[in-house]
Every structure is written in structure tokens, then in C-alpha cells.
>>> print(open('upload_24.txt').read())   # compact mmCIF, N, CA and C atoms
# COMPACT_ATOMS: atom_id res chain seq x y z
N MET A 27 7.91 -8.34 18.11
CA MET A 27 8.60 -7.07 18.10
C MET A 27 7.64 -6.00 18.61
N PRO A 28 8.02 -5.26 19.62
CA PRO A 28 7.14 -4.21 20.14
C PRO A 28 7.06 -3.03 19.17
N THR A 29 5.95 -2.32 19.23
CA THR A 29 5.75 -1.14 18.40
C THR A 29 6.63 0.00 18.92
N SER A 30 7.36 0.65 18.01
CA SER A 30 8.24 1.77 18.36
C SER A 30 7.56 3.09 18.03
N ARG A 31 8.01 4.14 18.69
CA ARG A 31 7.60 5.50 18.35
C ARG A 31 8.58 5.99 17.29
N ILE A 32 8.10 6.77 16.34
CA ILE A 32 8.94 7.24 15.24
C ILE A 32 10.15 8.02 15.78
N ALA A 33 9.93 8.89 16.75
CA ALA A 33 11.00 9.75 17.26
C ALA A 33 12.13 8.96 17.93
N SER A 34 11.84 7.76 18.41
CA SER A 34 12.87 6.99 19.13
C SER A 34 13.11 5.62 18.50
N ALA A 35 12.67 5.41 17.27
CA ALA A 35 12.83 4.11 16.62
C ALA A 35 14.30 3.85 16.30
N ALA A 36 14.74 2.64 16.53
CA ALA A 36 16.11 2.24 16.20
C ALA A 36 16.22 2.02 14.69
N GLN A 37 17.43 2.04 14.19
CA GLN A 37 17.63 1.73 12.77
C GLN A 37 17.39 0.24 12.57
N GLY A 38 16.96 -0.10 11.38
CA GLY A 38 16.68 -1.50 11.07
C GLY A 38 15.19 -1.75 11.02
N TYR A 39 14.81 -2.99 11.19
CA TYR A 39 13.40 -3.36 11.12
C TYR A 39 12.69 -3.00 12.42
N VAL A 40 11.62 -2.24 12.29
CA VAL A 40 10.80 -1.86 13.44
C VAL A 40 9.34 -1.90 13.04
N GLU A 41 8.48 -1.99 14.02
CA GLU A 41 7.05 -1.87 13.79
C GLU A 41 6.63 -0.46 14.21
N LEU A 42 5.94 0.22 13.31
CA LEU A 42 5.44 1.57 13.59
C LEU A 42 3.93 1.55 13.44
N GLN A 43 3.28 2.42 14.17
CA GLN A 43 1.83 2.52 14.09
C GLN A 43 1.47 4.00 14.16
N GLY A 44 0.56 4.42 13.29
CA GLY A 44 0.16 5.82 13.27
C GLY A 44 -0.90 6.07 12.22
N ILE A 45 -1.01 7.32 11.85
CA ILE A 45 -1.99 7.73 10.84
C ILE A 45 -1.26 8.03 9.55
N GLY A 46 -1.70 7.43 8.47
CA GLY A 46 -1.10 7.66 7.17
C GLY A 46 -1.67 8.92 6.54
N ARG A 47 -0.80 9.66 5.87
CA ARG A 47 -1.21 10.89 5.19
C ARG A 47 -0.55 10.91 3.83
N PRO A 48 -1.26 11.44 2.83
CA PRO A 48 -0.64 11.52 1.50
C PRO A 48 0.54 12.49 1.51
N LEU A 49 1.56 12.17 0.76
CA LEU A 49 2.72 13.04 0.65
C LEU A 49 2.42 14.20 -0.29
N ASP A 50 1.64 13.92 -1.29
CA ASP A 50 1.26 14.92 -2.28
C ASP A 50 -0.07 15.55 -1.89
N VAL A 51 -0.33 16.73 -2.39
CA VAL A 51 -1.60 17.41 -2.13
C VAL A 51 -2.75 16.64 -2.76
N ASN A 52 -2.52 16.06 -3.92
CA ASN A 52 -3.55 15.28 -4.62
C ASN A 52 -3.49 13.83 -4.15
N PRO A 53 -4.55 13.34 -3.51
CA PRO A 53 -4.52 11.96 -3.01
C PRO A 53 -4.53 10.94 -4.16
N LEU A 54 -3.98 9.80 -3.88
CA LEU A 54 -3.98 8.68 -4.81
C LEU A 54 -5.39 8.07 -4.81
N HIS A 55 -5.84 7.57 -5.96
CA HIS A 55 -7.15 6.91 -6.05
C HIS A 55 -6.99 5.50 -6.57
N SER A 56 -7.70 4.59 -5.97
CA SER A 56 -7.70 3.20 -6.42
C SER A 56 -8.26 3.12 -7.83
N PRO A 57 -7.58 2.43 -8.74
CA PRO A 57 -8.09 2.32 -10.10
C PRO A 57 -9.39 1.51 -10.22
N LEU A 58 -9.65 0.62 -9.28
CA LEU A 58 -10.85 -0.22 -9.38
C LEU A 58 -12.07 0.42 -8.72
N SER A 59 -11.89 1.01 -7.54
CA SER A 59 -13.04 1.57 -6.83
C SER A 59 -13.12 3.09 -6.93
N GLY A 60 -12.00 3.73 -7.23
CA GLY A 60 -11.96 5.19 -7.27
C GLY A 60 -11.82 5.82 -5.90
N ALA A 61 -11.72 5.01 -4.86
CA ALA A 61 -11.59 5.52 -3.49
C ALA A 61 -10.21 6.12 -3.26
N ALA A 62 -10.17 7.19 -2.48
CA ALA A 62 -8.89 7.79 -2.11
C ALA A 62 -8.13 6.79 -1.22
N CYS A 63 -6.83 6.69 -1.42
CA CYS A 63 -6.04 5.73 -0.66
C CYS A 63 -4.59 6.20 -0.58
N LEU A 64 -3.80 5.52 0.22
CA LEU A 64 -2.37 5.83 0.32
C LEU A 64 -1.54 4.88 -0.51
N TRP A 65 -2.04 3.67 -0.72
CA TRP A 65 -1.32 2.64 -1.46
C TRP A 65 -2.34 1.60 -1.94
N TYR A 66 -2.08 0.97 -3.06
CA TYR A 66 -2.96 -0.11 -3.52
C TYR A 66 -2.16 -1.17 -4.26
N ARG A 67 -2.74 -2.37 -4.25
CA ARG A 67 -2.26 -3.48 -5.07
C ARG A 67 -3.51 -4.25 -5.46
N TYR A 68 -3.61 -4.60 -6.73
CA TYR A 68 -4.76 -5.40 -7.15
C TYR A 68 -4.37 -6.42 -8.20
N GLN A 69 -5.21 -7.42 -8.31
CA GLN A 69 -5.04 -8.48 -9.30
C GLN A 69 -6.43 -8.87 -9.78
N VAL A 70 -6.63 -8.86 -11.07
CA VAL A 70 -7.90 -9.25 -11.65
C VAL A 70 -7.68 -10.56 -12.39
N GLU A 71 -8.51 -11.55 -12.09
CA GLU A 71 -8.41 -12.85 -12.74
C GLU A 71 -9.75 -13.20 -13.37
N HIS A 72 -9.69 -14.06 -14.35
CA HIS A 72 -10.87 -14.52 -15.07
C HIS A 72 -10.87 -16.05 -15.05
N LYS A 73 -12.02 -16.61 -14.72
CA LYS A 73 -12.13 -18.07 -14.71
C LYS A 73 -12.44 -18.55 -16.12
N THR A 74 -11.60 -19.41 -16.64
CA THR A 74 -11.78 -19.90 -18.01
C THR A 74 -12.81 -21.02 -18.05
N SER A 75 -13.15 -21.43 -19.24
CA SER A 75 -14.16 -22.48 -19.42
C SER A 75 -13.71 -23.83 -18.86
N ASP A 76 -12.39 -24.03 -18.73
CA ASP A 76 -11.89 -25.29 -18.16
C ASP A 76 -11.54 -25.14 -16.67
N ASP A 77 -12.22 -24.19 -15.99
CA ASP A 77 -12.11 -23.97 -14.55
C ASP A 77 -10.71 -23.60 -14.06
N LYS A 78 -9.94 -22.95 -14.90
CA LYS A 78 -8.63 -22.44 -14.49
C LYS A 78 -8.72 -20.93 -14.41
N TRP A 79 -7.89 -20.33 -13.54
CA TRP A 79 -7.88 -18.88 -13.38
C TRP A 79 -6.77 -18.29 -14.23
N GLU A 80 -7.13 -17.26 -14.98
CA GLU A 80 -6.19 -16.60 -15.88
C GLU A 80 -6.03 -15.14 -15.45
N LEU A 81 -4.80 -14.71 -15.32
CA LEU A 81 -4.52 -13.34 -14.92
C LEU A 81 -4.87 -12.38 -16.06
N VAL A 82 -5.70 -11.39 -15.74
CA VAL A 82 -6.11 -10.39 -16.72
C VAL A 82 -5.29 -9.12 -16.55
N GLU A 83 -5.13 -8.68 -15.30
CA GLU A 83 -4.43 -7.42 -15.03
C GLU A 83 -3.99 -7.39 -13.58
N GLN A 84 -2.85 -6.76 -13.33
CA GLN A 84 -2.41 -6.53 -11.96
C GLN A 84 -1.58 -5.26 -11.92
N ALA A 85 -1.61 -4.58 -10.80
CA ALA A 85 -0.84 -3.35 -10.65
C ALA A 85 -0.68 -3.04 -9.17
N GLN A 86 0.28 -2.16 -8.90
CA GLN A 86 0.57 -1.73 -7.54
C GLN A 86 1.05 -0.29 -7.63
N SER A 87 0.62 0.53 -6.68
CA SER A 87 1.03 1.93 -6.70
C SER A 87 2.47 2.07 -6.21
N GLN A 88 3.10 3.15 -6.62
CA GLN A 88 4.49 3.41 -6.25
C GLN A 88 4.63 4.68 -5.40
N ALA A 89 3.53 5.38 -5.17
CA ALA A 89 3.58 6.66 -4.46
C ALA A 89 3.99 6.47 -2.99
N SER A 90 4.86 7.34 -2.53
CA SER A 90 5.24 7.34 -1.11
C SER A 90 4.18 8.08 -0.31
N PHE A 91 4.15 7.81 0.99
CA PHE A 91 3.23 8.52 1.88
C PHE A 91 3.91 8.71 3.23
N VAL A 92 3.28 9.46 4.12
CA VAL A 92 3.85 9.78 5.42
C VAL A 92 3.05 9.08 6.52
N LEU A 93 3.76 8.57 7.51
CA LEU A 93 3.14 7.99 8.70
C LEU A 93 3.41 8.94 9.86
N ASP A 94 2.36 9.31 10.59
CA ASP A 94 2.45 10.25 11.70
C ASP A 94 1.96 9.55 12.96
N ASP A 95 2.83 9.41 13.97
CA ASP A 95 2.40 8.78 15.22
C ASP A 95 2.35 9.77 16.39
N GLY A 96 2.42 11.06 16.08
CA GLY A 96 2.37 12.07 17.12
C GLY A 96 3.74 12.44 17.68
N SER A 97 4.73 11.56 17.53
CA SER A 97 6.07 11.85 18.01
C SER A 97 6.99 12.30 16.87
N GLY A 98 6.55 12.05 15.66
CA GLY A 98 7.35 12.38 14.49
C GLY A 98 6.70 11.88 13.23
N LEU A 99 7.36 12.10 12.12
CA LEU A 99 6.87 11.67 10.81
C LEU A 99 7.86 10.69 10.20
N CYS A 100 7.34 9.74 9.43
CA CYS A 100 8.19 8.76 8.76
C CYS A 100 7.73 8.65 7.32
N LEU A 101 8.64 8.78 6.39
CA LEU A 101 8.32 8.60 4.97
C LEU A 101 8.27 7.11 4.68
N VAL A 102 7.18 6.66 4.08
CA VAL A 102 7.01 5.26 3.70
C VAL A 102 7.11 5.18 2.19
N ALA A 103 8.10 4.45 1.71
CA ALA A 103 8.30 4.23 0.28
C ALA A 103 7.97 2.77 -0.01
N PRO A 104 6.83 2.49 -0.64
CA PRO A 104 6.39 1.11 -0.84
C PRO A 104 7.37 0.22 -1.62
N ASP A 105 8.27 0.82 -2.38
CA ASP A 105 9.25 0.01 -3.11
C ASP A 105 10.04 -0.84 -2.15
>>> encode(input="upload_24.txt", output="C-alpha cells")
Amino acid sequence: MPTSRIASAAQGYVELQGIGRPLDVNPLHSPLSGAACLWYRYQVEHKTSDDKWELVEQAQSQASFVLDDGSGLCLVAPD
């Protein structure tokens, strides 16, 4: 599928490319590294004594952000 420009993108599934910007004035921060980001998903696992992996914690952000490709803006809702 070729990359579309936001201003001329068809309805339905498209590939967009641009610069992500926070929707809110306060940027989102990764809970593990503290780095500013637009979206995150993480999973923490622990290896047990019997060499099995056990899930300790997992989370994913829900904040929307904006994609800007110079031709227009697109709201990205991770849900």
C-alpha cells in the first residue's frame, strides 16, 4: 500500500507518514524510562526458579496524538 498524504487520503485503511505531536500541552512520559513519548506499551516479566516467565506488569497508554505530514493533520487514537 503506498503512503498517502493526509490532505488527500481516502477513507479506510491507509498508510500515513509524518511527525507526531502531543495533543495535550503536557507530553506523555513513559512509566519505565520517564522519557517523553506519544504512546507506549510495556510488559515486565520475571523468570521463575523453574525457568518459566511470569507476567509482573503490563500497560499501554490511551492518549491520542496528532500526526502532521505538512499537508494536514490527523488525530491518532491508539484505541
>>> residues_around(input="upload_24.txt", residues="segment 49-53 of chain A", least_positions_apart="3", cutoff="5 Å", atoms="all atoms listed in the file", output="ChimeraX atom specification")
/A:90-92
>>> select_by_dssp(input="upload_24.txt", residues="chain A", states="strand (DSSP E or B)", output="VMD selection string")
chain A and resid 29 to 30 41 to 42 45 to 48 54 to 55 62 to 63 67 to 73 79 to 86 91 to 94 99 to 102
>>> write_last_selection(input="upload_24.txt", atoms="N, CA and C atoms", output="compact mmCIF listing (two decimals), in the frame of the given file")
# COMPACT_ATOMS: atom_id res chain seq x y z
N THR A 29 5.95 -2.32 19.23
CA THR A 29 5.75 -1.14 18.40
C THR A 29 6.63 0.00 18.92
N SER A 30 7.36 0.65 18.01
CA SER A 30 8.24 1.77 18.36
C SER A 30 7.56 3.09 18.03
N GLU A 41 8.48 -1.99 14.02
CA GLU A 41 7.05 -1.87 13.79
C GLU A 41 6.63 -0.46 14.21
N LEU A 42 5.94 0.22 13.31
CA LEU A 42 5.44 1.57 13.59
C LEU A 42 3.93 1.55 13.44
N ILE A 45 -1.01 7.32 11.85
CA ILE A 45 -1.99 7.73 10.84
C ILE A 45 -1.26 8.03 9.55
N GLY A 46 -1.70 7.43 8.47
CA GLY A 46 -1.10 7.66 7.17
C GLY A 46 -1.67 8.92 6.54
N ARG A 47 -0.80 9.66 5.87
CA ARG A 47 -1.21 10.89 5.19
C ARG A 47 -0.55 10.91 3.83
N PRO A 48 -1.26 11.44 2.83
CA PRO A 48 -0.64 11.52 1.50
C PRO A 48 0.54 12.49 1.51
N LEU A 54 -3.98 9.80 -3.88
CA LEU A 54 -3.98 8.68 -4.81
C LEU A 54 -5.39 8.07 -4.81
N HIS A 55 -5.84 7.57 -5.96
CA HIS A 55 -7.15 6.91 -6.05
C HIS A 55 -6.99 5.50 -6.57
N ALA A 62 -10.17 7.19 -2.48
CA ALA A 62 -8.89 7.79 -2.11
C ALA A 62 -8.13 6.79 -1.22
N CYS A 63 -6.83 6.69 -1.42
CA CYS A 63 -6.04 5.73 -0.66
C CYS A 63 -4.59 6.20 -0.58
N ARG A 67 -2.74 -2.37 -4.25
CA ARG A 67 -2.26 -3.48 -5.07
C ARG A 67 -3.51 -4.25 -5.46
N TYR A 68 -3.61 -4.60 -6.73
CA TYR A 68 -4.76 -5.40 -7.15
C TYR A 68 -4.37 -6.42 -8.20
N GLN A 69 -5.21 -7.42 -8.31
CA GLN A 69 -5.04 -8.48 -9.30
C GLN A 69 -6.43 -8.87 -9.78
N VAL A 70 -6.63 -8.86 -11.07
CA VAL A 70 -7.90 -9.25 -11.65
C VAL A 70 -7.68 -10.56 -12.39
N GLU A 71 -8.51 -11.55 -12.09
CA GLU A 71 -8.41 -12.85 -12.74
C GLU A 71 -9.75 -13.20 -13.37
N HIS A 72 -9.69 -14.06 -14.35
CA HIS A 72 -10.87 -14.52 -15.07
C HIS A 72 -10.87 -16.05 -15.05
N LYS A 73 -12.02 -16.61 -14.72
CA LYS A 73 -12.13 -18.07 -14.71
C LYS A 73 -12.44 -18.55 -16.12
N TRP A 79 -7.89 -20.33 -13.54
CA TRP A 79 -7.88 -18.88 -13.38
C TRP A 79 -6.77 -18.29 -14.23
N GLU A 80 -7.13 -17.26 -14.98
CA GLU A 80 -6.19 -16.60 -15.88
C GLU A 80 -6.03 -15.14 -15.45
N LEU A 81 -4.80 -14.71 -15.32
CA LEU A 81 -4.52 -13.34 -14.92
C LEU A 81 -4.87 -12.38 -16.06
N VAL A 82 -5.70 -11.39 -15.74
CA VAL A 82 -6.11 -10.39 -16.72
C VAL A 82 -5.29 -9.12 -16.55
N GLU A 83 -5.13 -8.68 -15.30
CA GLU A 83 -4.43 -7.42 -15.03
C GLU A 83 -3.99 -7.39 -13.58
N GLN A 84 -2.85 -6.76 -13.33
CA GLN A 84 -2.41 -6.53 -11.96
C GLN A 84 -1.58 -5.26 -11.92
N ALA A 85 -1.61 -4.58 -10.80
CA ALA A 85 -0.84 -3.35 -10.65
C ALA A 85 -0.68 -3.04 -9.17
N GLN A 86 0.28 -2.16 -8.90
CA GLN A 86 0.57 -1.73 -7.54
C GLN A 86 1.05 -0.29 -7.63
N PHE A 91 4.15 7.81 0.99
CA PHE A 91 3.23 8.52 1.88
C PHE A 91 3.91 8.71 3.23
N VAL A 92 3.28 9.46 4.12
CA VAL A 92 3.85 9.78 5.42
C VAL A 92 3.05 9.08 6.52
N LEU A 93 3.76 8.57 7.51
CA LEU A 93 3.14 7.99 8.70
C LEU A 93 3.41 8.94 9.86
N ASP A 94 2.36 9.31 10.59
CA ASP A 94 2.45 10.25 11.70
C ASP A 94 1.96 9.55 12.96
N LEU A 99 7.36 12.10 12.12
CA LEU A 99 6.87 11.67 10.81
C LEU A 99 7.86 10.69 10.20
N CYS A 100 7.34 9.74 9.43
CA CYS A 100 8.19 8.76 8.76
C CYS A 100 7.73 8.65 7.32
N LEU A 101 8.64 8.78 6.39
CA LEU A 101 8.32 8.60 4.97
C LEU A 101 8.27 7.11 4.68
N VAL A 102 7.18 6.66 4.08
CA VAL A 102 7.01 5.26 3.70
C VAL A 102 7.11 5.18 2.19
>>> residues_around(input="upload_24.txt", residues="Leu42 of chain A", least_positions_apart="2", cutoff="5 Å", atoms="only N, CA and C atoms", output="JSON, numbers by chain")
{"A": [30, 40, 44]}
>>> atom_distance(input="upload_24.txt", atom1="atom C of Asp94 of chain A", atom2="atom C of Gly60 of chain A")
23.7 Å
>>> axis_aligned_box(input="upload_24.txt", around="segment 79-93 of chain A", padding_each_side="4 Å", output="JSON")
{"center_x": -1.3, "center_y": -5.3, "center_z": -3.4, "size_x": 21.1, "size_y": 38.1, "size_z": 34.6}
>>> atom_distance(input="upload_24.txt", atom1="atom C of Val102 of chain A", atom2="atom C of Leu58 of chain A")
22.6 Å
>>> closest_residue(input="upload_24.txt", among="A:Ile45, A:Ala35, A:Leu81, A:Val70", to="Gly96 of chain A", atoms="only N, CA and C atoms")
A:Ile45
>>> closest_residue(input="upload_24.txt", among="A:Ile32, A:Ala89, A:Gln69, A:Gln84", to="Ala103 of chain A", atoms="only N, CA and C atoms")
A:Ala89
>>> closest_residue(input="upload_24.txt", among="A:Leu64, A:Leu93, A:Val82, A:Met27", to="Gln43 of chain A", atoms="only N, CA and C atoms")
A:Leu93
>>> closest_residue(input="upload_24.txt", among="A:Gly38, A:Ala33, A:Pro48, A:Ser87", to="Tyr68 of chain A", atoms="all atoms listed in the file")
A:Ser87
>>> closest_residue(input="upload_24.txt", among="A:Ala85, A:Ser34, A:Trp79, A:Leu99", to="Arg67 of chain A", atoms="only C-alpha atoms")
A:Ala85
>>> atom_distance(input="upload_24.txt", atom1="atom CA of Asp95 of chain A", atom2="atom CA of Ser56 of chain A")
24.5 Å
>>> residues_around(input="upload_24.txt", residues="Leu54 of chain A", least_positions_apart="4", cutoff="6.5 Å", atoms="all atoms listed in the file", output="ChimeraX atom specification")
/A:61-64
>>> closest_residue(input="upload_24.txt", among="A:Gln88, A:His55, A:Glu83, A:Asp76", to="Asp105 of chain A", atoms="all atoms listed in the file")
A:Gln88
